[in-house]
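Q: What follows is a structure written as C-alpha cells; I'll ask about it next.
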Amino acid sequence: MNNSINNRNRNKNSDIRYKRTDSRQNNHTAASSHSGRQSPPYPSPARIRAERAKARMRRKRRRLILTAATSVVLIAAVAGTVFIIGKLISALTDSKPSSGDETSISETSENSPDTLPPETSSVGANQLTGPASYGITFISDLSSYEEYMDPVDRDGYLLIANKTTSLDESYIPDDLTELADTRADGRTVQKLRYNAAKAFEAMFIEMRACGYTDVSITSGYRSYTYQAELFENYTNKELANHPGWTREQAEEMAATYSARAGTSEHQTGLCCDMHNLSSADKAFANNPVYTWLCDNSWKFGIILRYPEDKTNITGYDFEPWHYRYVGRYHAYKIHESGLCLEEYISQLNTSGS
Ligand SMILES: [Zn+2]
C-alpha cells in the first residue's frame, strides 16, 4: 500500500515536473494529465522531441513568412520612391525650356538653329518660327505680339547707323508709332517703327509680369534735323567755353559725346533708351532688371546695342540703357554668339548673303 502511494506520489511529481518543463509547448497535454481517475500515459522523450521539432518548424515558418512580407513591403516602398523621384526629374526637365537657356533651345528645337545658315532667307522660312521652336515660354499671353517680335520680313530690320555708316537726311521711317511705355514726365510721347514699338510693348508687359515695374522709355526715334540741331547746340557750347577754338575743334569735342547728324542709331526708329533712373547712367547695369534684360530681351527680338566689351567696335561706350530691335531670329543669333551688331552683320556679309 505504501509502495502504491509512493508510486502515485512519484508519478504525480513526475507529472508536475513534466508540466513545468513542457507547459510552454503543450498545455493541453499537461492539463489532460489531471483529468480522469487514471493518469494518461506520459509523453515519451521522442514525442517531446517531435513536438519541439514541430514547434521549431512553426517558428521557422512564421519567421520566413514575416521575412517575405517585410521584403515585399520594402520592395514596394523602394519602387514607389524610385517612381516618385523619376516623376520629379522628368517634371524638372520639362520645365527647363521656360528658363530660356541656350541648351534647352537646341534640345527643344526641331530644326536646330546651329544647322541653319545665318543668312537664311526670311520669306517662306518655316524654321525657327514661334516661341516654342526657340524654347521660349512667357508668363504673359503675348500671342498677339508674335508677328512683331518675330517678323515675317526676318532680315528687314538690320539697318546700321553708326559713326562710320551714316543715314541720309531723307531717311524718315513712314511707320513711326507711339511708344506705350514712354516715361510719363511731361515729355513728348516717343516713337519707333511699328514692329519695334509693338515688340518693346510686349517686352514691357513681360517685364512687369516678372516684377520689374519702374522702367520706362526716355527716348525713341530722333530725326536727322533733331540730331543736327542737337549737335549744333553742343558745338556752340564748346565754342563758348573755349574762345580760342576753331569750329572744327569744337565739333570734334562735341562728337565725343553727341552723334553727328545721320550717325545716331536713333534715326533708324528701331532703338530706344530705357531705364529707371533720373537720367541715363551706367549705374542702371547694377539694377536686377538690367540682368533680366540681358537674359530675356532677345526673346522679344531686342538686343543690348552697346555692350561693355565691344566699345572699340561699336564706337560707343557701354550703354546699359540703349536697346535695339532686330527681330527674334537675329536677336537670338546675336545673343547666342556674343557678337555685337556690327560684327554679326559683317559675318552675315562674308558668309555669302
Ligand atoms: Zn540711345
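Residues are named by chain letter and number: chains run A, B, ... in the order of the C-alpha cells, numbers start at 1 in each chain, and ligands are numbered from 1 in the order shown.
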At a cut-off of 9 Å and counting only C-alpha atoms and all ligand atoms, what residues surround ligand 1? Please answer as a ChimeraX atom specification.

A: /A:219-220,264-266,271-274,280,305,319,321-324

Q: Write out the residues from the selection above, keeping N, CA and C atoms, as a PDB file, in the first residue's frame.

A:
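Full text of selection05.pdb as output:
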```
ATOM      1  N   SER A 219      13.683 107.830 -74.609  1.00  0.00           N
ATOM      2  CA  SER A 219      13.998 108.371 -75.924  1.00  0.00           C
ATOM      3  C   SER A 219      13.851 107.313 -77.010  1.00  0.00           C
ATOM      4  N   GLY A 220      13.176 107.676 -78.099  1.00  0.00           N
ATOM      5  CA  GLY A 220      12.987 106.740 -79.213  1.00  0.00           C
ATOM      6  C   GLY A 220      13.584 107.312 -80.487  1.00  0.00           C
ATOM      7  N   SER A 264      23.401 108.806 -85.618  1.00  0.00           N
ATOM      8  CA  SER A 264      22.743 108.258 -84.434  1.00  0.00           C
ATOM      9  C   SER A 264      21.823 107.109 -84.826  1.00  0.00           C
ATOM     10  N   GLU A 265      21.952 106.030 -84.107  1.00  0.00           N
ATOM     11  CA  GLU A 265      21.076 104.887 -84.377  1.00  0.00           C
ATOM     12  C   GLU A 265      19.608 105.240 -84.122  1.00  0.00           C
ATOM     13  N   HIS A 266      19.387 106.240 -83.326  1.00  0.00           N
ATOM     14  CA  HIS A 266      18.002 106.633 -83.016  1.00  0.00           C
ATOM     15  C   HIS A 266      17.236 107.068 -84.268  1.00  0.00           C
ATOM     16  N   CYS A 271      15.437 101.728 -82.184  1.00  0.00           N
ATOM     17  CA  CYS A 271      16.079 101.602 -80.871  1.00  0.00           C
ATOM     18  C   CYS A 271      15.527 102.639 -79.902  1.00  0.00           C
ATOM     19  N   CYS A 272      15.716 102.384 -78.645  1.00  0.00           N
ATOM     20  CA  CYS A 272      15.306 103.378 -77.662  1.00  0.00           C
ATOM     21  C   CYS A 272      16.142 103.281 -76.397  1.00  0.00           C
ATOM     22  N   ASP A 273      16.104 104.338 -75.626  1.00  0.00           N
ATOM     23  CA  ASP A 273      16.770 104.364 -74.324  1.00  0.00           C
ATOM     24  C   ASP A 273      15.705 104.091 -73.271  1.00  0.00           C
ATOM     25  N   MET A 274      16.004 103.231 -72.340  1.00  0.00           N
ATOM     26  CA  MET A 274      15.038 102.880 -71.285  1.00  0.00           C
ATOM     27  C   MET A 274      15.779 102.551 -69.998  1.00  0.00           C
ATOM     28  N   ALA A 280      20.013 108.767 -68.057  1.00  0.00           N
ATOM     29  CA  ALA A 280      20.735 107.563 -68.480  1.00  0.00           C
ATOM     30  C   ALA A 280      22.108 107.503 -67.808  1.00  0.00           C
ATOM     31  N   ARG A 305      22.542  97.088 -77.438  1.00  0.00           N
ATOM     32  CA  ARG A 305      23.266  97.526 -78.636  1.00  0.00           C
ATOM     33  C   ARG A 305      24.739  97.848 -78.384  1.00  0.00           C
ATOM     34  N   GLU A 319      26.498 101.236 -72.923  1.00  0.00           N
ATOM     35  CA  GLU A 319      25.224 101.908 -72.646  1.00  0.00           C
ATOM     36  C   GLU A 319      24.182 100.873 -72.222  1.00  0.00           C
ATOM     37  N   TRP A 321      21.408 101.173 -71.114  1.00  0.00           N
ATOM     38  CA  TRP A 321      20.041 101.665 -71.288  1.00  0.00           C
ATOM     39  C   TRP A 321      19.569 101.658 -72.743  1.00  0.00           C
ATOM     40  N   HIS A 322      20.481 101.404 -73.698  1.00  0.00           N
ATOM     41  CA  HIS A 322      20.159 101.539 -75.124  1.00  0.00           C
ATOM     42  C   HIS A 322      19.890 100.151 -75.756  1.00  0.00           C
ATOM     43  N   TYR A 323      18.653  99.935 -76.217  1.00  0.00           N
ATOM     44  CA  TYR A 323      18.240  98.638 -76.775  1.00  0.00           C
ATOM     45  C   TYR A 323      17.757  98.804 -78.208  1.00  0.00           C
ATOM     46  N   ARG A 324      18.025  97.766 -78.997  1.00  0.00           N
ATOM     47  CA  ARG A 324      17.777  97.852 -80.436  1.00  0.00           C
ATOM     48  C   ARG A 324      16.947  96.646 -80.907  1.00  0.00           C
TER      49      ARG A 324
END
```

Q: Using only C-alpha atoms, tabulate the residues of stretch 291-328 of chain A lying at most 10 Å from any atom of stretch 234-257 of chain A, each with its closest atom pair and that distance in Å to one decimal, by chain and increasing residue number, as a tab-separated table.

A:
```
residue	atom	partner	partner_atom	distance
A:Gly315	CA	A:Thr256	CA	10.0
A:Tyr316	CA	A:Tyr257	CA	9.2
A:Asp317	CA	A:Tyr257	CA	9.6
```

Q: Could you check the closest approach to A:Ile303 for each of A:Ile345, A:Lys282, A:Val289, A:Tyr332 and tell me which residue wins, using only C-alpha atoms?

A: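 Comparing A:Ile345, A:Lys282, A:Val289, A:Tyr332 against A:Ile303, the winner is A:Tyr332.
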
Q: When you draw a straight line from atom CA of A:Arg328 to atom CA of A:Gly130, how long is it in Å?

A: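 Interatomic distance here is 9.7 Å.
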
Q: Quick check for you: according to DSSP on this backbone, which residues of stretch 214-341 of chain A are classed as strand (DSSP E)? Reply as JSON, numbers by chain.

A: {"A": [216, 217, 218, 219, 271, 272, 273, 274, 275, 302, 303, 304, 322, 323, 324, 325]}

Q: Save the residues we just selected, N, CA and C atoms, as a short mmCIF file (atom, residue, chain, number, x, y, z; two decimals), in the first residue's frame?

A:
```cif
data_model
loop_
_atom_site.label_atom_id
_atom_site.label_comp_id
_atom_site.auth_asym_id
_atom_site.auth_seq_id
_atom_site.Cartn_x
_atom_site.Cartn_y
_atom_site.Cartn_z
N SER A 216 11.04 102.84 -67.76
CA SER A 216 10.26 103.50 -68.80
C SER A 216 11.18 103.97 -69.91
N ILE A 217 10.57 104.28 -71.07
CA ILE A 217 11.33 104.69 -72.25
C ILE A 217 11.52 106.21 -72.23
N THR A 218 12.78 106.62 -72.34
CA THR A 218 13.06 108.06 -72.26
C THR A 218 13.32 108.67 -73.64
N SER A 219 13.68 107.83 -74.61
CA SER A 219 14.00 108.37 -75.92
C SER A 219 13.85 107.31 -77.01
N CYS A 271 15.44 101.73 -82.18
CA CYS A 271 16.08 101.60 -80.87
C CYS A 271 15.53 102.64 -79.90
N CYS A 272 15.72 102.38 -78.64
CA CYS A 272 15.31 103.38 -77.66
C CYS A 272 16.14 103.28 -76.40
N ASP A 273 16.10 104.34 -75.63
CA ASP A 273 16.77 104.36 -74.32
C ASP A 273 15.70 104.09 -73.27
N MET A 274 16.00 103.23 -72.34
CA MET A 274 15.04 102.88 -71.29
C MET A 274 15.78 102.55 -70.00
N HIS A 275 15.26 103.05 -68.90
CA HIS A 275 15.89 102.80 -67.59
C HIS A 275 14.94 103.28 -66.49
N ILE A 302 14.94 91.87 -79.39
CA ILE A 302 15.65 93.09 -78.98
C ILE A 302 17.03 92.74 -78.42
N ILE A 303 18.03 93.58 -78.74
CA ILE A 303 19.39 93.34 -78.22
C ILE A 303 19.93 94.56 -77.47
N LEU A 304 20.86 94.30 -76.57
CA LEU A 304 21.64 95.37 -75.95
C LEU A 304 22.61 95.82 -77.04
N HIS A 322 20.48 101.40 -73.70
CA HIS A 322 20.16 101.54 -75.12
C HIS A 322 19.89 100.15 -75.76
N TYR A 323 18.65 99.94 -76.22
CA TYR A 323 18.24 98.64 -76.78
C TYR A 323 17.76 98.80 -78.21
N ARG A 324 18.03 97.77 -79.00
CA ARG A 324 17.78 97.85 -80.44
C ARG A 324 16.95 96.65 -80.91
N TYR A 325 15.93 96.95 -81.71
CA TYR A 325 15.10 95.89 -82.28
C TYR A 325 15.73 95.37 -83.58
#
```

Q: A:Leu348, A:Val152, A:Val189, A:Ala46: which is nearest A:Lys333, counting only C-alpha atoms?

A: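 Of A:Leu348, A:Val152, A:Val189, A:Ala46, the one nearest A:Lys333 is A:Leu348, counting only C-alpha atoms.
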
Q: In Å, with one decimal, what is the gap from atom CA of A:Phe284 to atom CA of A:Tyr226?

A: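 So the two atoms, atom CA of A:Phe284 and atom CA of A:Tyr226, lie 26.0 Å apart.
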
Q: Could you check how far atom CA of A:Cys340 sits from atom CA of A:Ile313, in Å to one decimal?

A: 8.0 Å
